[in-house]
>>> print(open('structure29.csv').read())   # CSV, C-alpha atoms
chain,number,residue,atom,x,y,z
A,1,MET,CA,0.0,0.0,0.0
A,2,PRO,CA,1.5,3.4,-1.0
A,3,ASP,CA,2.5,5.6,2.0
A,4,GLU,CA,0.2,8.4,1.0
A,5,LEU,CA,-2.8,6.0,1.1
A,6,SER,CA,-1.8,4.1,4.2
A,7,PRO,CA,-4.0,4.7,7.3
A,8,LEU,CA,-2.3,6.7,10.1
A,9,SER,CA,-2.6,3.7,12.3
A,10,GLU,CA,-0.6,1.6,9.8
A,11,LEU,CA,2.1,4.3,9.5
A,12,CYS,CA,2.4,4.5,13.2
A,13,ARG,CA,2.8,0.8,13.5
A,14,ARG,CA,5.5,0.7,10.8
A,15,ALA,CA,7.3,3.8,12.3
A,16,THR,CA,7.6,2.1,15.7
A,17,SER,CA,8.5,-1.4,14.3
A,18,ASP,CA,12.0,-2.9,14.9
A,19,ASP,CA,11.7,-5.1,11.8
A,20,SER,CA,13.3,-2.8,9.3
A,21,ALA,CA,15.0,0.6,10.1
A,22,HIS,CA,14.6,1.6,6.4
A,23,ASP,CA,10.9,0.9,6.4
A,24,ALA,CA,10.4,2.6,9.8
A,25,LEU,CA,12.2,5.7,8.6
A,26,SER,CA,10.1,5.8,5.4
A,27,ALA,CA,7.0,5.5,7.5
A,28,VAL,CA,8.1,8.3,9.8
A,29,THR,CA,8.6,10.6,6.8
A,30,ALA,CA,5.2,9.7,5.4
A,31,LEU,CA,3.6,10.2,8.8
A,32,ARG,CA,5.2,13.6,9.3
A,33,GLU,CA,3.9,14.7,5.9
A,34,ARG,CA,0.4,13.5,6.7
A,35,LEU,CA,0.4,15.1,10.1
A,36,ASP,CA,1.7,18.4,8.7
A,37,GLY,CA,-1.2,18.4,6.3
A,38,LEU,CA,-3.7,17.6,9.0
A,39,GLU,CA,-2.2,20.4,11.1
A,40,ARG,CA,-2.7,23.0,8.3
A,41,GLU,CA,-6.3,21.8,7.8
A,42,HIS,CA,-7.2,22.1,11.4
A,43,VAL,CA,-5.6,25.6,11.7
A,44,ALA,CA,-7.6,26.7,8.6
A,45,ALA,CA,-10.7,25.3,10.2
A,46,MET,CA,-10.1,27.1,13.5
A,47,LEU,CA,-9.5,30.4,11.6
A,48,ASP,CA,-12.8,29.8,9.7
A,49,GLU,CA,-14.5,29.3,13.1
A,50,GLY,CA,-13.2,32.6,14.3
A,51,ALA,CA,-10.4,31.4,16.5
A,52,THR,CA,-7.6,33.9,17.3
A,53,TRP,CA,-3.9,33.1,16.8
A,54,ALA,CA,-3.5,33.0,20.6
A,55,GLN,CA,-6.1,30.2,20.7
A,56,ILE,CA,-4.4,28.3,17.9
A,57,ALA,CA,-1.0,28.8,19.5
A,58,GLY,CA,-2.4,27.4,22.8
A,59,ALA,CA,-3.7,24.3,21.0
A,60,LEU,CA,-0.3,23.8,19.4
A,61,GLY,CA,1.7,24.5,22.5
A,62,ILE,CA,3.8,27.3,20.9
A,63,SER,CA,3.9,31.1,21.1
A,64,ARG,CA,1.3,33.2,19.2
A,65,GLN,CA,4.1,34.7,17.0
A,66,ALA,CA,5.5,31.2,16.2
A,67,ALA,CA,2.0,30.0,15.2
A,68,HIS,CA,1.5,33.1,13.0
A,69,ARG,CA,4.8,32.7,11.3
A,70,ARG,CA,4.3,29.0,10.6
A,71,PHE,CA,0.7,29.3,9.3
A,72,ARG,CA,0.4,32.9,8.0
A,73,ALA,CA,-0.1,31.5,4.5
A,74,VAL,CA,-3.4,29.9,5.8
A,75,ARG,CA,-5.8,32.8,5.3
A,76,ARG,CA,-8.9,33.4,7.2
A,77,ALA,CA,-12.2,33.8,5.4
A,78,ARG,CA,-12.5,37.4,4.2
A,79,PRO,CA,-15.6,39.2,3.0
A,80,ARG,CA,-15.7,39.5,-0.8
A,81,ARG,CA,-18.2,42.0,-2.2
A,82,LYS,CA,-16.4,41.9,-5.6
A,83,THR,CA,-13.7,39.8,-7.1
A,84,SER,CA,-10.4,41.4,-7.7
A,85,ALA,CA,-11.1,41.3,-11.4
A,86,GLN,CA,-14.1,43.5,-10.9
A,87,VAL,CA,-12.1,46.3,-9.2
A,88,ASP,CA,-10.9,48.4,-12.2
A,89,ARG,CA,-8.8,50.8,-10.2
A,90,VAL,CA,-7.7,51.2,-6.6
A,91,LEU,CA,-7.2,54.7,-5.3
A,92,VAL,CA,-5.0,55.7,-2.4
A,93,THR,CA,-6.9,58.0,-0.2
A,94,GLY,CA,-5.5,61.2,1.3
A,95,GLU,CA,-5.9,59.5,4.7
A,96,ALA,CA,-3.7,56.6,3.7
A,97,ARG,CA,-1.1,59.0,2.1
A,98,GLY,CA,-1.1,61.1,5.2
A,99,THR,CA,-0.6,58.1,7.4
A,100,VAL,CA,2.5,57.0,5.5
A,101,GLN,CA,3.9,60.5,5.5
A,102,LEU,CA,3.3,60.8,9.3
A,103,ALA,CA,5.1,57.4,9.7
A,104,ARG,CA,8.1,58.9,7.9
A,105,GLU,CA,8.1,61.9,10.3
A,106,GLU,CA,7.8,59.5,13.3
A,107,ALA,CA,10.8,57.5,12.0
A,108,ALA,CA,12.9,60.7,11.5
A,109,ALA,CA,12.0,62.1,14.9
A,110,LEU,CA,13.0,58.8,16.5
A,111,GLY,CA,16.3,58.7,14.6
A,112,ALA,CA,15.5,55.6,12.7
A,113,ASP,CA,17.3,54.8,9.5
A,114,ALA,CA,14.1,53.7,7.8
A,115,VAL,CA,10.3,53.5,8.3
A,116,GLY,CA,9.4,50.4,10.1
A,117,THR,CA,6.0,48.9,11.0
A,118,GLU,CA,6.3,50.4,14.4
A,119,HIS,CA,6.3,53.9,12.8
A,120,LEU,CA,3.2,53.0,10.8
A,121,LEU,CA,1.5,51.9,14.0
A,122,LEU,CA,2.3,55.2,15.6
A,123,ALA,CA,1.0,57.1,12.6
A,124,LEU,CA,-2.2,55.0,12.6
A,125,ILE,CA,-2.9,55.7,16.3
A,126,ARG,CA,-2.5,59.4,15.6
A,127,THR,CA,-4.8,59.5,12.5
A,128,ALA,CA,-7.2,56.8,13.7
A,129,ARG,CA,-10.9,57.5,13.1
A,130,GLY,CA,-14.0,55.4,12.9
A,131,PRO,CA,-13.6,51.6,13.2
A,132,VAL,CA,-9.8,51.9,13.5
A,133,ALA,CA,-10.0,54.3,16.4
A,134,ARG,CA,-12.7,52.2,18.1
A,135,ALA,CA,-10.8,48.9,17.7
A,136,MET,CA,-7.6,50.4,19.1
A,137,GLY,CA,-9.5,52.1,21.9
A,138,ARG,CA,-11.1,48.8,22.9
A,139,ALA,CA,-7.7,47.1,22.9
A,140,GLY,CA,-6.4,49.8,25.3
A,141,ILE,CA,-3.9,51.3,22.8
A,142,ASP,CA,-3.3,55.0,23.0
A,143,ASP,CA,-0.5,57.2,21.9
A,144,ARG,CA,1.2,57.4,25.3
A,145,ARG,CA,1.2,53.7,26.0
A,146,LEU,CA,2.3,53.0,22.5
A,147,ARG,CA,5.3,55.3,22.7
A,148,THR,CA,6.3,53.9,26.2
A,149,MET,CA,6.4,50.3,24.9
A,150,LEU,CA,7.5,51.0,21.3
A,151,GLN,CA,9.8,48.3,20.0
A,152,PRO,CA,12.2,48.9,17.0
A,153,THR,CA,12.2,46.5,14.1
A,154,LEU,CA,15.0,44.0,14.6
A,155,VAL,CA,16.4,41.8,11.9
A,156,ARG,CA,18.2,38.7,13.1
A,157,GLY,CA,21.8,38.7,12.0
A,158,ALA,CA,21.8,42.3,10.8
A,159,GLU,CA,22.7,45.5,12.5
A,160,LYS,CA,20.2,47.6,10.5
A,161,PRO,CA,16.8,46.7,9.0
A,162,ALA,CA,17.0,46.2,5.2
A,163,ALA,CA,15.4,49.2,3.6
A,164,ARG,CA,14.4,50.3,0.1
A,165,GLY,CA,12.9,53.7,-0.6
A,166,GLY,CA,13.2,54.6,3.0
A,167,LEU,CA,11.0,51.6,4.1
A,168,THR,CA,12.0,48.4,5.9
A,169,ARG,CA,11.0,45.2,4.2
A,170,HIS,CA,8.3,44.6,6.7
A,171,ALA,CA,6.8,48.1,6.2
A,172,ARG,CA,6.9,47.6,2.4
A,173,GLU,CA,5.1,44.3,2.9
A,174,VAL,CA,2.4,46.2,4.9
A,175,LEU,CA,1.9,48.8,2.1
A,176,GLU,CA,1.6,46.0,-0.5
A,177,GLY,CA,-0.7,44.1,1.8
A,178,SER,CA,-3.0,47.1,2.1
A,179,LEU,CA,-3.7,46.9,-1.6
A,180,ARG,CA,-4.6,43.2,-1.3
A,181,GLU,CA,-6.9,44.0,1.6
A,182,ALA,CA,-8.7,46.6,-0.4
A,183,VAL,CA,-9.0,44.4,-3.6
A,184,GLU,CA,-10.1,41.3,-1.7
A,185,ARG,CA,-12.8,43.3,0.2
A,186,GLY,CA,-14.0,44.6,-3.2
A,187,GLU,CA,-13.2,48.2,-2.3
A,188,GLY,CA,-11.7,50.6,-4.9
A,189,TYR,CA,-9.6,52.6,-2.4
A,190,ILE,CA,-6.9,52.1,0.2
A,191,ALA,CA,-7.7,53.8,3.5
A,192,ALA,CA,-6.3,53.6,7.1
A,193,ASP,CA,-8.3,50.5,7.9
A,194,HIS,CA,-6.6,48.6,5.0
A,195,LEU,CA,-3.2,49.7,6.3
A,196,LEU,CA,-4.1,48.5,9.8
A,197,LEU,CA,-5.4,45.1,8.6
A,198,ALA,CA,-2.2,44.5,6.6
A,199,LEU,CA,-0.2,45.6,9.5
A,200,LEU,CA,-1.9,43.1,11.8
A,201,ARG,CA,-1.2,40.3,9.3
A,202,ASN,CA,2.5,40.9,9.6
A,203,PRO,CA,3.9,38.8,12.5
A,204,SER,CA,7.3,40.4,12.4
A,205,GLY,CA,8.7,43.8,12.8
A,206,GLY,CA,8.4,46.5,15.4
A,207,ALA,CA,4.6,46.8,15.4
A,208,ALA,CA,4.1,43.1,16.2
A,209,GLN,CA,6.8,43.3,18.9
A,210,THR,CA,5.2,46.4,20.3
A,211,LEU,CA,1.7,44.8,20.4
A,212,ASP,CA,3.2,41.8,22.1
A,213,ALA,CA,4.9,44.1,24.7
A,214,LEU,CA,1.5,45.7,25.3
A,215,GLY,CA,-0.1,42.4,25.8
A,216,VAL,CA,-2.5,43.0,22.9
A,217,ASP,CA,-3.7,40.2,20.7
A,218,PRO,CA,-3.6,41.5,17.1
A,219,ASP,CA,-6.5,39.3,16.1
A,220,VAL,CA,-8.8,41.1,18.6
A,221,ILE,CA,-8.2,44.4,16.7
A,222,PHE,CA,-8.3,42.6,13.3
A,223,SER,CA,-11.7,41.1,14.0
A,224,ALA,CA,-13.1,44.5,15.1
A,225,VAL,CA,-11.9,46.3,12.0
A,226,ALA,CA,-12.6,43.6,9.5
A,227,ALA,CA,-16.2,43.2,10.7
A,228,ARG,CA,-17.0,46.9,10.1
A,229,PRO,CA,-20.1,47.5,8.0
>>> encode(input="structure29.csv", output="C-alpha cells")
Amino acid sequence: MPDELSPLSELCRRATSDDSAHDALSAVTALRERLDGLEREHVAAMLDEGATWAQIAGALGISRQAAHRRFRAVRRARPRRKTSAQVDRVLVTGEARGTVQLAREEAAALGADAVGTEHLLLALIRTARGPVARAMGRAGIDDRRLRTMLQPTLVRGAEKPAARGGLTRHAREVLEGSLREAVERGEGYIAADHLLLALLRNPSGGAAQTLDALGVDPDVIFSAVAARP
C-alpha cells in the first residue's frame, strides 16, 4: 500500500517497528507529511470558526508569534463583495497617504534609518478614526502607551533593517498588503483600515513586537476592524 494512502494507524505501526529501520524511517517521513497536512487543515478550520492566533497557539503548545509565522499562509475567510477582477482601479486616499507621511516623520523624529512597521502603527494611532479608532481604543492602545512600549524593528543577523525607498522590508510588505486587503474586500480605495489590517497580518517587525509588549492580541483588533459595516 503506498504511504500516501496508508492509514495513520498503519504508518504509526511501521514507524515504531523494529523489523526494518529503512521501512520505519520511510513510515516516519510519510507520517510527518500526513500530520503536517492535518495540522494545516485544522488551523484553517479554526480560523474559519473565528479562533484567534492566541487560541491556535495554545492548542499547538507554541507562542502566538510562532504560530502566526508558521501558518500565516493559511488565510482566514474574508468578505468578498467583488472579485479582484471587478475592481478596475484602486485609489490611495488622502488619509492613507497622510498616514504613510506621518510614519516617515515619526521615523525621522526617533532617529530611525528607515520607516518600520512600528512607525506605521504610531501614525495610525494618531490618525485613527471610525472603526480603526474604536478597535484600538477597545484594545487599550493609545499614543502614550504605544510610545512607552515602542519596539524597534529587529532583523536577526543584521545591524540595521533592510530598507528600500526609506522603508524596511516589513513596512513595504504592509503597504503592498493594504492593496490586497482593499481588492479582496471589493473596495476601490486604500484607507487607514486597510493599512491596519495589513499591519496586523504581519507577524514580524516593530509593530508586532510592540503589540506583544503591550499584551495586545492583534486578532482582537483585526476582527473588530474587518467586521465593520
>>> residues_around(input="structure29.csv", residues="Ser204 (chain A)", least_positions_apart="4", cutoff="9 Å", atoms="only C-alpha atoms", output="JSON, numbers by chain")
{"A": [65, 69, 117, 153, 154, 170, 208, 209]}
>>> atom_distance(input="structure29.csv", atom1="CA of Ala27 (chain A)", atom2="CA of Gly58 (chain A)")
28.3 Å
>>> closest_residue(input="structure29.csv", among="A:Arg14, A:Ala191, A:Gly206, A:Asp143", to="Gly94 (chain A)", atoms="all atoms listed in the file")
A:Ala191
>>> residues_around(input="structure29.csv", residues="Arg147 (chain A)", least_positions_apart="3", cutoff="12 Å", atoms="only C-alpha atoms", output="ChimeraX atom specification")
/A:106,110,118-119,121-123,125-126,141-144,150-152,206-207,210-211,213-214
>>> write_last_selection(input="structure29.csv", atoms="C-alpha atoms", output="mmCIF file, keeping the file's coordinate frame")
data_model
loop_
_atom_site.group_PDB
_atom_site.id
_atom_site.type_symbol
_atom_site.label_atom_id
_atom_site.label_comp_id
_atom_site.auth_asym_id
_atom_site.auth_seq_id
_atom_site.Cartn_x
_atom_site.Cartn_y
_atom_site.Cartn_z
ATOM 1 C CA GLU A 106 7.800 59.500 13.300
ATOM 2 C CA LEU A 110 13.000 58.800 16.500
ATOM 3 C CA GLU A 118 6.300 50.400 14.400
ATOM 4 C CA HIS A 119 6.300 53.900 12.800
ATOM 5 C CA LEU A 121 1.500 51.900 14.000
ATOM 6 C CA LEU A 122 2.300 55.200 15.600
ATOM 7 C CA ALA A 123 1.000 57.100 12.600
ATOM 8 C CA ILE A 125 -2.900 55.700 16.300
ATOM 9 C CA ARG A 126 -2.500 59.400 15.600
ATOM 10 C CA ILE A 141 -3.900 51.300 22.800
ATOM 11 C CA ASP A 142 -3.300 55.000 23.000
ATOM 12 C CA ASP A 143 -0.500 57.200 21.900
ATOM 13 C CA ARG A 144 1.200 57.400 25.300
ATOM 14 C CA LEU A 150 7.500 51.000 21.300
ATOM 15 C CA GLN A 151 9.800 48.300 20.000
ATOM 16 C CA PRO A 152 12.200 48.900 17.000
ATOM 17 C CA GLY A 206 8.400 46.500 15.400
ATOM 18 C CA ALA A 207 4.600 46.800 15.400
ATOM 19 C CA THR A 210 5.200 46.400 20.300
ATOM 20 C CA LEU A 211 1.700 44.800 20.400
ATOM 21 C CA ALA A 213 4.900 44.100 24.700
ATOM 22 C CA LEU A 214 1.500 45.700 25.300
#
>>> atom_distance(input="structure29.csv", atom1="CA of Thr168 (chain A)", atom2="CA of Ala114 (chain A)")
6.0 Å
>>> atom_distance(input="structure29.csv", atom1="CA of Ala54 (chain A)", atom2="CA of Asn202 (chain A)")
14.8 Å
>>> residues_around(input="structure29.csv", residues="Glu105 (chain A)", least_positions_apart="2", cutoff="12 Å", atoms="only C-alpha atoms", output="list in words")
Gly98, Thr99, Val100, Gln101, Leu102, Ala103, Ala107, Ala108, Ala109, Leu110, Gly111, Ala112, Asp113, Ala114, Val115, Gly116, His119, Leu120, Leu122, Ala123 and Gly166 of chain A
>>> residues_around(input="structure29.csv", residues="Ser223 (chain A)", least_positions_apart="6", cutoff="12 Å", atoms="only C-alpha atoms", output="PDB file with C-alpha atoms, keeping the file's coordinate frame")
ATOM      1  CA  LEU A  47      -9.500  30.400  11.600  1.00  0.00           C
ATOM      2  CA  GLY A  50     -13.200  32.600  14.300  1.00  0.00           C
ATOM      3  CA  ALA A  51     -10.400  31.400  16.500  1.00  0.00           C
ATOM      4  CA  THR A  52      -7.600  33.900  17.300  1.00  0.00           C
ATOM      5  CA  TRP A  53      -3.900  33.100  16.800  1.00  0.00           C
ATOM      6  CA  ARG A  76      -8.900  33.400   7.200  1.00  0.00           C
ATOM      7  CA  ALA A  77     -12.200  33.800   5.400  1.00  0.00           C
ATOM      8  CA  ARG A  78     -12.500  37.400   4.200  1.00  0.00           C
ATOM      9  CA  PRO A  79     -15.600  39.200   3.000  1.00  0.00           C
ATOM     10  CA  PRO A 131     -13.600  51.600  13.200  1.00  0.00           C
ATOM     11  CA  VAL A 132      -9.800  51.900  13.500  1.00  0.00           C
ATOM     12  CA  ARG A 134     -12.700  52.200  18.100  1.00  0.00           C
ATOM     13  CA  ALA A 135     -10.800  48.900  17.700  1.00  0.00           C
ATOM     14  CA  MET A 136      -7.600  50.400  19.100  1.00  0.00           C
ATOM     15  CA  ARG A 138     -11.100  48.800  22.900  1.00  0.00           C
ATOM     16  CA  ALA A 139      -7.700  47.100  22.900  1.00  0.00           C
ATOM     17  CA  ASP A 193      -8.300  50.500   7.900  1.00  0.00           C
ATOM     18  CA  LEU A 196      -4.100  48.500   9.800  1.00  0.00           C
ATOM     19  CA  LEU A 197      -5.400  45.100   8.600  1.00  0.00           C
ATOM     20  CA  LEU A 200      -1.900  43.100  11.800  1.00  0.00           C
ATOM     21  CA  ARG A 201      -1.200  40.300   9.300  1.00  0.00           C
ATOM     22  CA  ASP A 217      -3.700  40.200  20.700  1.00  0.00           C
TER      23      ASP A 217
END
>>> closest_residue(input="structure29.csv", among="A:Pro203, A:His22, A:Arg32, A:Ala224", to="His68 (chain A)", atoms="all atoms listed in the file")
A:Pro203
>>> decode(input="structure29.csv", residues="region 103-143 of chain A", atoms="C-alpha atoms", output="compact mmCIF listing (two decimals), in the first residue's frame")
# COMPACT_ATOMS: atom_id res chain seq x y z
CA ALA A 103 5.12 57.42 9.67
CA ARG A 104 8.12 58.91 7.86
CA GLU A 105 8.07 61.86 10.25
CA GLU A 106 7.85 59.53 13.25
CA ALA A 107 10.83 57.53 11.99
CA ALA A 108 12.88 60.70 11.49
CA ALA A 109 11.95 62.05 14.92
CA LEU A 110 13.03 58.79 16.54
CA GLY A 111 16.32 58.74 14.64
CA ALA A 112 15.46 55.58 12.72
CA ASP A 113 17.29 54.79 9.47
CA ALA A 114 14.07 53.69 7.76
CA VAL A 115 10.33 53.54 8.30
CA GLY A 116 9.37 50.38 10.14
CA THR A 117 6.02 48.87 10.97
CA GLU A 118 6.26 50.44 14.44
CA HIS A 119 6.25 53.90 12.83
CA LEU A 120 3.20 52.97 10.76
CA LEU A 121 1.49 51.89 13.98
CA LEU A 122 2.34 55.23 15.62
CA ALA A 123 0.97 57.08 12.62
CA LEU A 124 -2.22 55.01 12.62
CA ILE A 125 -2.94 55.72 16.27
CA ARG A 126 -2.50 59.44 15.59
CA THR A 127 -4.77 59.49 12.54
CA ALA A 128 -7.22 56.82 13.69
CA ARG A 129 -10.90 57.47 13.05
CA GLY A 130 -14.04 55.39 12.88
CA PRO A 131 -13.56 51.61 13.17
CA VAL A 132 -9.77 51.95 13.47
CA ALA A 133 -10.04 54.31 16.44
CA ARG A 134 -12.73 52.19 18.11
CA ALA A 135 -10.78 48.95 17.68
CA MET A 136 -7.59 50.42 19.09
CA GLY A 137 -9.45 52.07 21.93
CA ARG A 138 -11.12 48.80 22.92
CA ALA A 139 -7.71 47.12 22.90
CA GLY A 140 -6.42 49.76 25.29
CA ILE A 141 -3.94 51.27 22.82
CA ASP A 142 -3.30 54.99 23.00
CA ASP A 143 -0.46 57.23 21.87
